[in-house]
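Peer 1: Please find structure.pdb (PDB, C-alpha atoms, pLDDT in the B column) on the next line:
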```pdb
ATOM      1  CA  MET N1330      -8.991   0.241 -30.880  1.00 92.00           C
ATOM      2  CA  THR N1331      -7.764  -1.321 -27.689  1.00 96.00           C
ATOM      3  CA  THR N1332      -5.150   0.093 -25.349  1.00 97.00           C
ATOM      4  CA  VAL N1333      -2.450  -2.407 -24.427  1.00 98.00           C
ATOM      5  CA  SER N1334       0.087  -2.002 -21.654  1.00 98.00           C
ATOM      6  CA  MET N1335       3.172  -4.113 -21.050  1.00 98.00           C
ATOM      7  CA  THR N1336       6.786  -3.831 -20.013  1.00 98.00           C
ATOM      8  CA  VAL N1337       9.257  -3.950 -22.891  1.00 98.00           C
ATOM      9  CA  ASN N1338      12.957  -4.163 -22.127  1.00 98.00           C
ATOM     10  CA  GLY N1339      12.299  -2.993 -18.586  1.00 97.00           C
ATOM     11  CA  LYS N1340      10.221   0.029 -19.575  1.00 98.00           C
ATOM     12  CA  ALA N1341       6.444   0.342 -19.123  1.00 98.00           C
ATOM     13  CA  VAL N1342       4.786   1.031 -22.473  1.00 98.00           C
ATOM     14  CA  SER N1343       1.261   1.298 -23.769  1.00 97.00           C
ATOM     15  CA  GLY N1344      -0.441   2.031 -27.030  1.00 96.00           C
ATOM     16  CA  ASP N1345      -3.669   1.829 -28.962  1.00 97.00           C
ATOM     17  CA  VAL N1346      -3.904  -1.084 -31.365  1.00 97.00           C
ATOM     18  CA  GLU N1347      -6.481  -2.808 -33.510  1.00 97.00           C
ATOM     19  CA  ASP N1348      -7.451  -6.129 -31.962  1.00 96.00           C
ATOM     20  CA  ARG N1349      -5.773  -7.971 -34.875  1.00 97.00           C
ATOM     21  CA  THR N1350      -2.370  -6.266 -34.421  1.00 97.00           C
ATOM     22  CA  LEU N1351       0.430  -8.778 -34.037  1.00 97.00           C
ATOM     23  CA  LEU N1352       2.922  -8.367 -31.221  1.00 98.00           C
ATOM     24  CA  VAL N1353       5.747  -8.099 -33.760  1.00 97.00           C
ATOM     25  CA  ASP N1354       3.991  -5.158 -35.426  1.00 97.00           C
ATOM     26  CA  PHE N1355       3.352  -3.447 -32.092  1.00 98.00           C
ATOM     27  CA  ILE N1356       7.047  -3.811 -31.215  1.00 98.00           C
ATOM     28  CA  ARG N1357       8.292  -2.598 -34.599  1.00 98.00           C
ATOM     29  CA  VAL N1358       5.697   0.030 -35.536  1.00 97.00           C
ATOM     30  CA  ASN N1359       4.345   1.378 -32.258  1.00 97.00           C
ATOM     31  CA  LEU N1360       7.579   1.146 -30.260  1.00 98.00           C
ATOM     32  CA  GLY N1361      10.114   1.622 -33.071  1.00 98.00           C
ATOM     33  CA  LEU N1362      12.190  -1.390 -31.968  1.00 98.00           C
ATOM     34  CA  THR N1363      13.186  -2.806 -35.342  1.00 97.00           C
ATOM     35  CA  GLY N1364      15.621  -5.496 -34.191  1.00 97.00           C
ATOM     36  CA  THR N1365      12.747  -7.969 -34.121  1.00 97.00           C
ATOM     37  CA  HIS N1366      12.319  -8.977 -37.757  1.00 95.00           C
ATOM     38  CA  VAL N1367       9.392 -10.186 -39.827  1.00 93.00           C
ATOM     39  CA  GLY N1368      10.741 -12.799 -42.178  1.00 87.00           C
ATOM     40  CA  CYS N1369       8.011 -15.090 -43.404  1.00 87.00           C
ATOM     41  CA  ASP N1370       4.552 -14.097 -42.101  1.00 76.00           C
ATOM     42  CA  THR N1371       3.860 -17.798 -41.514  1.00 84.00           C
ATOM     43  CA  SER N1372       5.668 -18.534 -38.227  1.00 87.00           C
ATOM     44  CA  GLN N1373       8.284 -20.668 -39.975  1.00 91.00           C
ATOM     45  CA  CYS N1374      11.513 -18.645 -39.862  1.00 94.00           C
ATOM     46  CA  GLY N1375      11.918 -17.507 -36.247  1.00 95.00           C
ATOM     47  CA  ALA N1376      13.275 -14.056 -37.118  1.00 95.00           C
ATOM     48  CA  CYS N1377      10.627 -12.519 -34.829  1.00 97.00           C
ATOM     49  CA  VAL N1378      11.471 -14.399 -31.605  1.00 98.00           C
ATOM     50  CA  VAL N1379      11.178 -12.348 -28.417  1.00 98.00           C
ATOM     51  CA  HIS N1380      10.848 -13.365 -24.780  1.00 98.00           C
ATOM     52  CA  VAL N1381       7.369 -13.063 -23.293  1.00 98.00           C
ATOM     53  CA  ASP N1382       7.453 -13.565 -19.540  1.00 98.00           C
ATOM     54  CA  GLY N1383      10.761 -15.387 -19.975  1.00 97.00           C
ATOM     55  CA  LYS N1384       9.681 -17.747 -22.756  1.00 97.00           C
ATOM     56  CA  ALA N1385      10.841 -17.578 -26.366  1.00 98.00           C
ATOM     57  CA  ILE N1386       7.790 -16.763 -28.500  1.00 97.00           C
ATOM     58  CA  LYS N1387       7.438 -16.045 -32.188  1.00 97.00           C
ATOM     59  CA  ALA N1388       5.985 -12.536 -32.051  1.00 97.00           C
ATOM     60  CA  CYS N1389       4.254 -13.028 -35.398  1.00 96.00           C
ATOM     61  CA  THR N1390       2.013 -15.664 -33.782  1.00 95.00           C
ATOM     62  CA  MET N1391       0.811 -13.590 -30.848  1.00 97.00           C
ATOM     63  CA  LEU N1392      -1.649 -10.737 -30.839  1.00 97.00           C
ATOM     64  CA  ALA N1393      -0.489  -7.613 -29.027  1.00 98.00           C
ATOM     65  CA  VAL N1394      -3.636  -7.670 -26.870  1.00 98.00           C
ATOM     66  CA  ARG N1395      -2.598 -11.149 -25.583  1.00 98.00           C
ATOM     67  CA  ALA N1396       0.634  -9.593 -24.293  1.00 98.00           C
ATOM     68  CA  GLU N1397      -1.312  -7.267 -21.975  1.00 98.00           C
ATOM     69  CA  GLY N1398       0.571  -7.012 -18.676  1.00 98.00           C
ATOM     70  CA  SER N1399       3.462  -9.169 -19.904  1.00 98.00           C
ATOM     71  CA  GLU N1400       7.181  -8.627 -19.573  1.00 98.00           C
ATOM     72  CA  ILE N1401       8.687  -8.549 -23.090  1.00 98.00           C
ATOM     73  CA  THR N1402      12.387  -8.661 -23.919  1.00 98.00           C
ATOM     74  CA  THR N1403      13.572  -7.936 -27.444  1.00 98.00           C
ATOM     75  CA  ILE N1404      17.077  -8.150 -28.890  1.00 98.00           C
ATOM     76  CA  GLU N1405      17.520  -4.477 -27.943  1.00 97.00           C
ATOM     77  CA  GLY N1406      16.926  -5.368 -24.286  1.00 98.00           C
ATOM     78  CA  LEU N1407      19.626  -8.043 -23.915  1.00 97.00           C
ATOM     79  CA  ALA N1408      22.647  -5.770 -23.604  1.00 96.00           C
ATOM     80  CA  LYS N1409      23.082  -4.188 -20.168  1.00 94.00           C
ATOM     81  CA  ASP N1410      24.983  -0.999 -19.378  1.00 93.00           C
ATOM     82  CA  GLY N1411      26.609  -0.969 -22.807  1.00 92.00           C
ATOM     83  CA  GLU N1412      27.828  -4.584 -22.455  1.00 96.00           C
ATOM     84  CA  LEU N1413      26.652  -7.128 -24.975  1.00 97.00           C
ATOM     85  CA  HIS N1414      24.860 -10.148 -23.551  1.00 98.00           C
ATOM     86  CA  PRO N1415      27.200 -13.192 -23.642  1.00 98.00           C
ATOM     87  CA  MET N1416      25.115 -14.651 -26.486  1.00 98.00           C
ATOM     88  CA  GLN N1417      25.411 -11.475 -28.534  1.00 98.00           C
ATOM     89  CA  ALA N1418      29.151 -11.308 -27.890  1.00 98.00           C
ATOM     90  CA  ALA N1419      29.599 -14.985 -28.812  1.00 98.00           C
ATOM     91  CA  PHE N1420      27.783 -14.514 -32.136  1.00 97.00           C
ATOM     92  CA  LYS N1421      30.124 -11.610 -32.873  1.00 97.00           C
ATOM     93  CA  GLU N1422      33.284 -13.420 -31.784  1.00 97.00           C
ATOM     94  CA  ASN N1423      32.465 -16.720 -33.520  1.00 97.00           C
ATOM     95  CA  HIS N1424      31.109 -15.234 -36.761  1.00 95.00           C
ATOM     96  CA  GLY N1425      27.644 -16.647 -36.048  1.00 94.00           C
ATOM     97  CA  LEU N1426      26.029 -14.420 -38.625  1.00 90.00           C
ATOM     98  CA  GLN N1427      26.316 -13.443 -42.234  1.00 88.00           C
ATOM     99  CA  CYS N1428      23.582 -11.127 -43.479  1.00 91.00           C
ATOM    100  CA  GLY N1429      22.277 -10.779 -39.908  1.00 91.00           C
ATOM    101  CA  PHE N1430      18.577 -10.991 -40.705  1.00 93.00           C
ATOM    102  CA  CYS N1431      17.954 -14.147 -38.678  1.00 94.00           C
ATOM    103  CA  THR N1432      20.426 -13.241 -35.940  1.00 96.00           C
ATOM    104  CA  PRO N1433      18.072 -11.480 -33.481  1.00 97.00           C
ATOM    105  CA  GLY N1434      15.658 -14.416 -33.525  1.00 97.00           C
ATOM    106  CA  MET N1435      18.499 -16.931 -33.223  1.00 97.00           C
ATOM    107  CA  ILE N1436      19.974 -15.070 -30.258  1.00 98.00           C
ATOM    108  CA  MET N1437      16.624 -14.693 -28.504  1.00 98.00           C
ATOM    109  CA  ALA N1438      15.758 -18.369 -29.000  1.00 98.00           C
ATOM    110  CA  ALA N1439      19.237 -19.450 -27.880  1.00 98.00           C
ATOM    111  CA  THR N1440      19.322 -17.346 -24.712  1.00 98.00           C
ATOM    112  CA  GLU N1441      16.043 -18.884 -23.601  1.00 98.00           C
ATOM    113  CA  PHE N1442      16.939 -22.507 -24.305  1.00 97.00           C
ATOM    114  CA  VAL N1443      20.450 -22.214 -22.825  1.00 98.00           C
ATOM    115  CA  GLU N1444      18.910 -20.919 -19.588  1.00 97.00           C
ATOM    116  CA  ARG N1445      16.277 -23.667 -19.684  1.00 96.00           C
ATOM    117  CA  TYR N1446      18.940 -26.356 -20.047  1.00 96.00           C
ATOM    118  CA  LYS N1447      21.070 -24.858 -17.269  1.00 95.00           C
ATOM    119  CA  VAL N1448      18.116 -24.805 -14.861  1.00 94.00           C
ATOM    120  CA  SER N1449      17.155 -28.382 -15.721  1.00 94.00           C
ATOM    121  CA  GLY N1450      20.724 -29.662 -15.455  1.00 92.00           C
ATOM    122  CA  ILE N1451      20.495 -31.323 -18.868  1.00 91.00           C
ATOM    123  CA  GLU N1452      23.665 -31.230 -20.960  1.00 90.00           C
ATOM    124  CA  LEU N1453      23.460 -28.905 -23.934  1.00 95.00           C
ATOM    125  CA  ASP N1454      25.467 -30.519 -26.709  1.00 96.00           C
ATOM    126  CA  GLU N1455      25.630 -29.860 -30.449  1.00 97.00           C
ATOM    127  CA  ALA N1456      22.745 -32.219 -31.209  1.00 97.00           C
ATOM    128  CA  ALA N1457      20.518 -30.513 -28.625  1.00 97.00           C
ATOM    129  CA  ILE N1458      21.401 -27.055 -29.977  1.00 98.00           C
ATOM    130  CA  ARG N1459      20.576 -28.094 -33.527  1.00 97.00           C
ATOM    131  CA  LYS N1460      17.275 -29.603 -32.350  1.00 97.00           C
ATOM    132  CA  GLU N1461      16.355 -26.425 -30.440  1.00 97.00           C
ATOM    133  CA  LEU N1462      17.110 -24.286 -33.507  1.00 96.00           C
ATOM    134  CA  GLU N1463      14.667 -26.168 -35.734  1.00 94.00           C
ATOM    135  CA  GLY N1464      12.207 -23.266 -35.530  1.00 93.00           C
ATOM    136  CA  ASN N1465      14.793 -20.736 -36.712  1.00 95.00           C
ATOM    137  CA  ILE N1466      15.914 -20.577 -40.326  1.00 93.00           C
ATOM    138  CA  CYS N1467      19.144 -19.081 -41.606  1.00 93.00           C
ATOM    139  CA  ARG N1468      19.335 -18.820 -45.368  1.00 90.00           C
ATOM    140  CA  CYS N1469      23.035 -17.847 -45.454  1.00 89.00           C
ATOM    141  CA  THR N1470      24.974 -20.308 -43.315  1.00 81.00           C
ATOM    142  CA  GLY N1471      25.319 -24.009 -42.657  1.00 81.00           C
ATOM    143  CA  TYR N1472      24.633 -23.277 -38.972  1.00 93.00           C
ATOM    144  CA  HIS N1473      28.156 -24.377 -37.979  1.00 95.00           C
ATOM    145  CA  ASN N1474      29.198 -20.981 -36.589  1.00 96.00           C
ATOM    146  CA  ILE N1475      25.757 -20.408 -35.070  1.00 97.00           C
ATOM    147  CA  VAL N1476      26.066 -23.653 -33.109  1.00 97.00           C
ATOM    148  CA  ARG N1477      29.651 -22.761 -32.087  1.00 97.00           C
ATOM    149  CA  SER N1478      28.471 -19.336 -30.945  1.00 98.00           C
ATOM    150  CA  ILE N1479      25.756 -20.867 -28.762  1.00 98.00           C
ATOM    151  CA  GLU N1480      28.181 -23.406 -27.287  1.00 98.00           C
ATOM    152  CA  ASP N1481      30.600 -20.566 -26.481  1.00 98.00           C
ATOM    153  CA  ALA N1482      27.900 -18.392 -24.935  1.00 98.00           C
ATOM    154  CA  ALA N1483      26.481 -21.297 -22.905  1.00 97.00           C
ATOM    155  CA  SER N1484      29.868 -21.735 -21.243  1.00 95.00           C
ATOM    156  CA  LYS N1485      29.784 -18.052 -20.190  1.00 95.00           C
ATOM    157  CA  MET N1486      26.165 -17.693 -19.146  1.00 93.00           C
TER     158      MET N1486
END
```
Since I need it in another form, could you write the structure as structure tokens?
Peer 2:
Amino acid sequence: MTTVSMTVNGKAVSGDVEDRTLLVDFIRVNLGLTGTHVGCDTSQCGACVVHVDGKAIKACTMLAVRAEGSEITTIEGLAKDGELHPMQAAFKENHGLQCGFCTPGMIMAATEFVERYKVSGIELDEAAIRKELEGNICRCTGYHNIVRSIEDAASKM
């Protein structure tokens, strides 16, 4: 067993894990934060996306021990003072979800790439959004409302 320490959603946490424990399992099992989903076990679906030191990472591809000392943000950490993050609010307002299983990963991926585009000054259009979402699978929708939600949120972020 190895003790890992990191900051998750602004709170210092630590726990004992086997060296093979995935970050997604540490988040869900050790910390009880179940908004980060495990959808495919093969890194294909994107339901497990979290931010590690500001970058969108599939938490099923990273060992918890590799996150030692990192700053992790999960879907539970986006809302501040009871206010939904603009991306969360946009998904709600624009019906960007159906069953909701993929939604946390979609939102986490989208918040990171919207910020990345804003910093770089590159225009974020529908084609760019669809390209950025290639690592996130939704089995319920045609992505139309997801893309609209991200466009809406990008205008407010």
Peer 1: If I put a ball of radius 10 Å at (6.9, -15.0, -22.9) in the file's coordinates, which residues poke into it when counting only C-alpha atoms, written as a list in words?
Peer 2: Val1378, Val1379, His1380, Val1381, Asp1382, Gly1383, Lys1384, Ala1385, Ile1386, Lys1387, Ala1388, Ala1396, Ser1399, Glu1400, Ile1401, Thr1402 and Glu1441 of chain N
Peer 1: Just C-alpha atoms for this one: save the residues we selected as an mmCIF file, in the frame of the given file.
Peer 2:
```
data_model
loop_
_atom_site.group_PDB
_atom_site.id
_atom_site.type_symbol
_atom_site.label_atom_id
_atom_site.label_comp_id
_atom_site.auth_asym_id
_atom_site.auth_seq_id
_atom_site.Cartn_x
_atom_site.Cartn_y
_atom_site.Cartn_z
ATOM 1 C CA VAL N 1378 11.471 -14.399 -31.605
ATOM 2 C CA VAL N 1379 11.178 -12.348 -28.417
ATOM 3 C CA HIS N 1380 10.848 -13.365 -24.780
ATOM 4 C CA VAL N 1381 7.369 -13.063 -23.293
ATOM 5 C CA ASP N 1382 7.453 -13.565 -19.540
ATOM 6 C CA GLY N 1383 10.761 -15.387 -19.975
ATOM 7 C CA LYS N 1384 9.681 -17.747 -22.756
ATOM 8 C CA ALA N 1385 10.841 -17.578 -26.366
ATOM 9 C CA ILE N 1386 7.790 -16.763 -28.500
ATOM 10 C CA LYS N 1387 7.438 -16.045 -32.188
ATOM 11 C CA ALA N 1388 5.985 -12.536 -32.051
ATOM 12 C CA ALA N 1396 0.634 -9.593 -24.293
ATOM 13 C CA SER N 1399 3.462 -9.169 -19.904
ATOM 14 C CA GLU N 1400 7.181 -8.627 -19.573
ATOM 15 C CA ILE N 1401 8.687 -8.549 -23.090
ATOM 16 C CA THR N 1402 12.387 -8.661 -23.919
ATOM 17 C CA GLU N 1441 16.043 -18.884 -23.601
#
```
Peer 1: Which residue, N:Ile1436, N:Gly1471, N:Leu1352, N:Glu1480, has the smallest gap to Ala1456 in chain N when you use all atoms listed in the file?
Peer 2: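 Looking only at the distances to Ala1456 in chain N, the closest residue turns out to be N:Glu1480.
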Peer 1: Determine the axis-aligned bounding box of all atoms of range 1415-1419 of chain N present in the file, pad each side by 8 Å, and express its centre and edge lengths in Å to one decimal place as AutoDock Vina command-line options.
Peer 2:
```
--center_x 27.4 --center_y -13.1 --center_z -26.2 --size_x 20.5 --size_y 19.7 --size_z 21.2
```
Peer 1: So, counting all atoms listed in the file, which residue among N:Thr1470, N:Thr1390, N:Thr1403, N:Thr1350 is closest to Gly1425 in chain N?
Peer 2: N:Thr1470
Peer 1: Mind listing as an NGL selection string all residues within 12 Å of (22.1, -20.0, -42.2), counting only C-alpha atoms?
Peer 2: :N and (1374 or 1376 or 1424-1432 or 1435 or 1459 or 1462-1463 or 1465-1476)
Peer 1: Hey, what's within 9 Å of Leu1360 in chain N if we count only C-alpha atoms and toss same-chain stuff fewer than 4 positions away? As a list of chain:residue names, please?
Peer 2: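 Residues meeting the cut-off are N:Val1342, N:Gly1344, N:Asp1354, N:Phe1355, N:Ile1356.
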Peer 1: My list of candidates is N:Ala1419, N:Cys1389, N:Cys1377, N:Val1394. Which is closest to Ser1334 in chain N when distances are computed with only C-alpha atoms?
Peer 2: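 Checking each candidate against Ser1334 in chain N, we get N:Val1394 as the closest.
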Peer 1: For CA of Met1330 in chain N and CA of Gly1361 in chain N, determine how far apart the two atoms are, in Å to one decimal place.
Peer 2: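 Taking CA of Met1330 in chain N and CA of Gly1361 in chain N, their separation equals 19.3 Å.
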Peer 1: Could you please determine the separation between CA of Ser1449 in chain N and CA of Ser1478 in chain N in Å, to one decimal place?
Peer 2: 21.0 Å
Peer 1: Applied to this file, what does the PyMOL selection byres ((chain N and resi 1444) around 12) return in terms of residues, put as a PyMOL selection string?
Peer 2: chain N and resi 1383-1385+1416+1437-1443+1445-1453+1479+1482-1486
Peer 1: Once the PyMOL selection byres ((chain N and resi 1364) around 9) has been applied to the shown file, what residues remain in the selection, as a list in words?
Peer 2: Arg1357, Leu1362, Thr1363, Thr1365, His1366, Cys1377, Thr1403, Ile1404, Glu1405, Pro1433 and Gly1434 of chain N
Peer 1: Let me see the file: selected residues, C-alpha atoms, as a PDB file, in the coordinates of the input.
Peer 2:
```pdb
ATOM      1  CA  ARG N1357       8.292  -2.598 -34.599  1.00 98.00           C
ATOM      2  CA  LEU N1362      12.190  -1.390 -31.968  1.00 98.00           C
ATOM      3  CA  THR N1363      13.186  -2.806 -35.342  1.00 97.00           C
ATOM      4  CA  THR N1365      12.747  -7.969 -34.121  1.00 97.00           C
ATOM      5  CA  HIS N1366      12.319  -8.977 -37.757  1.00 95.00           C
ATOM      6  CA  CYS N1377      10.627 -12.519 -34.829  1.00 97.00           C
ATOM      7  CA  THR N1403      13.572  -7.936 -27.444  1.00 98.00           C
ATOM      8  CA  ILE N1404      17.077  -8.150 -28.890  1.00 98.00           C
ATOM      9  CA  GLU N1405      17.520  -4.477 -27.943  1.00 97.00           C
ATOM     10  CA  PRO N1433      18.072 -11.480 -33.481  1.00 97.00           C
ATOM     11  CA  GLY N1434      15.658 -14.416 -33.525  1.00 97.00           C
TER      12      GLY N1434
END
```
Peer 1: Complete range 1341-1361 of chain N with N, CA and C atoms (output as a short mmCIF file (atom, residue, chain, number, x, y, z; two decimals), keeping the file's coordinate frame).
Peer 2:
```
data_model
loop_
_atom_site.label_atom_id
_atom_site.label_comp_id
_atom_site.auth_asym_id
_atom_site.auth_seq_id
_atom_site.Cartn_x
_atom_site.Cartn_y
_atom_site.Cartn_z
N ALA N 1341 7.90 0.44 -18.95
CA ALA N 1341 6.44 0.34 -19.12
C ALA N 1341 6.05 1.09 -20.39
N VAL N 1342 5.26 0.43 -21.22
CA VAL N 1342 4.79 1.03 -22.47
C VAL N 1342 3.30 0.74 -22.63
N SER N 1343 2.65 1.56 -23.42
CA SER N 1343 1.26 1.30 -23.77
C SER N 1343 0.99 1.93 -25.11
N GLY N 1344 -0.07 1.48 -25.74
CA GLY N 1344 -0.44 2.03 -27.03
C GLY N 1344 -1.78 1.51 -27.47
N ASP N 1345 -2.39 2.23 -28.39
CA ASP N 1345 -3.67 1.83 -28.96
C ASP N 1345 -3.41 0.98 -30.20
N VAL N 1346 -4.08 -0.17 -30.24
CA VAL N 1346 -3.90 -1.08 -31.36
C VAL N 1346 -5.25 -1.63 -31.80
N GLU N 1347 -5.32 -2.04 -33.06
CA GLU N 1347 -6.48 -2.81 -33.51
C GLU N 1347 -6.36 -4.18 -32.87
N ASP N 1348 -7.48 -4.82 -32.62
CA ASP N 1348 -7.45 -6.13 -31.96
C ASP N 1348 -6.66 -7.17 -32.75
N ARG N 1349 -6.50 -7.00 -34.04
CA ARG N 1349 -5.77 -7.97 -34.88
C ARG N 1349 -4.28 -7.66 -35.02
N THR N 1350 -3.78 -6.65 -34.32
CA THR N 1350 -2.37 -6.27 -34.42
C THR N 1350 -1.49 -7.34 -33.79
N LEU N 1351 -0.52 -7.78 -34.55
CA LEU N 1351 0.43 -8.78 -34.04
C LEU N 1351 1.43 -8.12 -33.11
N LEU N 1352 1.93 -8.89 -32.15
CA LEU N 1352 2.92 -8.37 -31.22
C LEU N 1352 4.14 -7.85 -31.97
N VAL N 1353 4.58 -8.55 -33.00
CA VAL N 1353 5.75 -8.10 -33.76
C VAL N 1353 5.50 -6.72 -34.37
N ASP N 1354 4.30 -6.46 -34.84
CA ASP N 1354 3.99 -5.16 -35.43
C ASP N 1354 3.92 -4.08 -34.35
N PHE N 1355 3.38 -4.41 -33.19
CA PHE N 1355 3.35 -3.45 -32.09
C PHE N 1355 4.78 -3.06 -31.70
N ILE N 1356 5.65 -4.06 -31.59
CA ILE N 1356 7.05 -3.81 -31.22
C ILE N 1356 7.74 -2.95 -32.27
N ARG N 1357 7.59 -3.30 -33.52
CA ARG N 1357 8.29 -2.60 -34.60
C ARG N 1357 7.68 -1.23 -34.91
N VAL N 1358 6.35 -1.20 -35.07
CA VAL N 1358 5.70 0.03 -35.54
C VAL N 1358 5.42 0.98 -34.39
N ASN N 1359 4.73 0.49 -33.36
CA ASN N 1359 4.34 1.38 -32.26
C ASN N 1359 5.54 1.80 -31.41
N LEU N 1360 6.46 0.85 -31.15
CA LEU N 1360 7.58 1.15 -30.26
C LEU N 1360 8.86 1.51 -30.99
N GLY N 1361 8.93 1.27 -32.29
CA GLY N 1361 10.11 1.62 -33.07
C GLY N 1361 11.32 0.74 -32.80
#
```
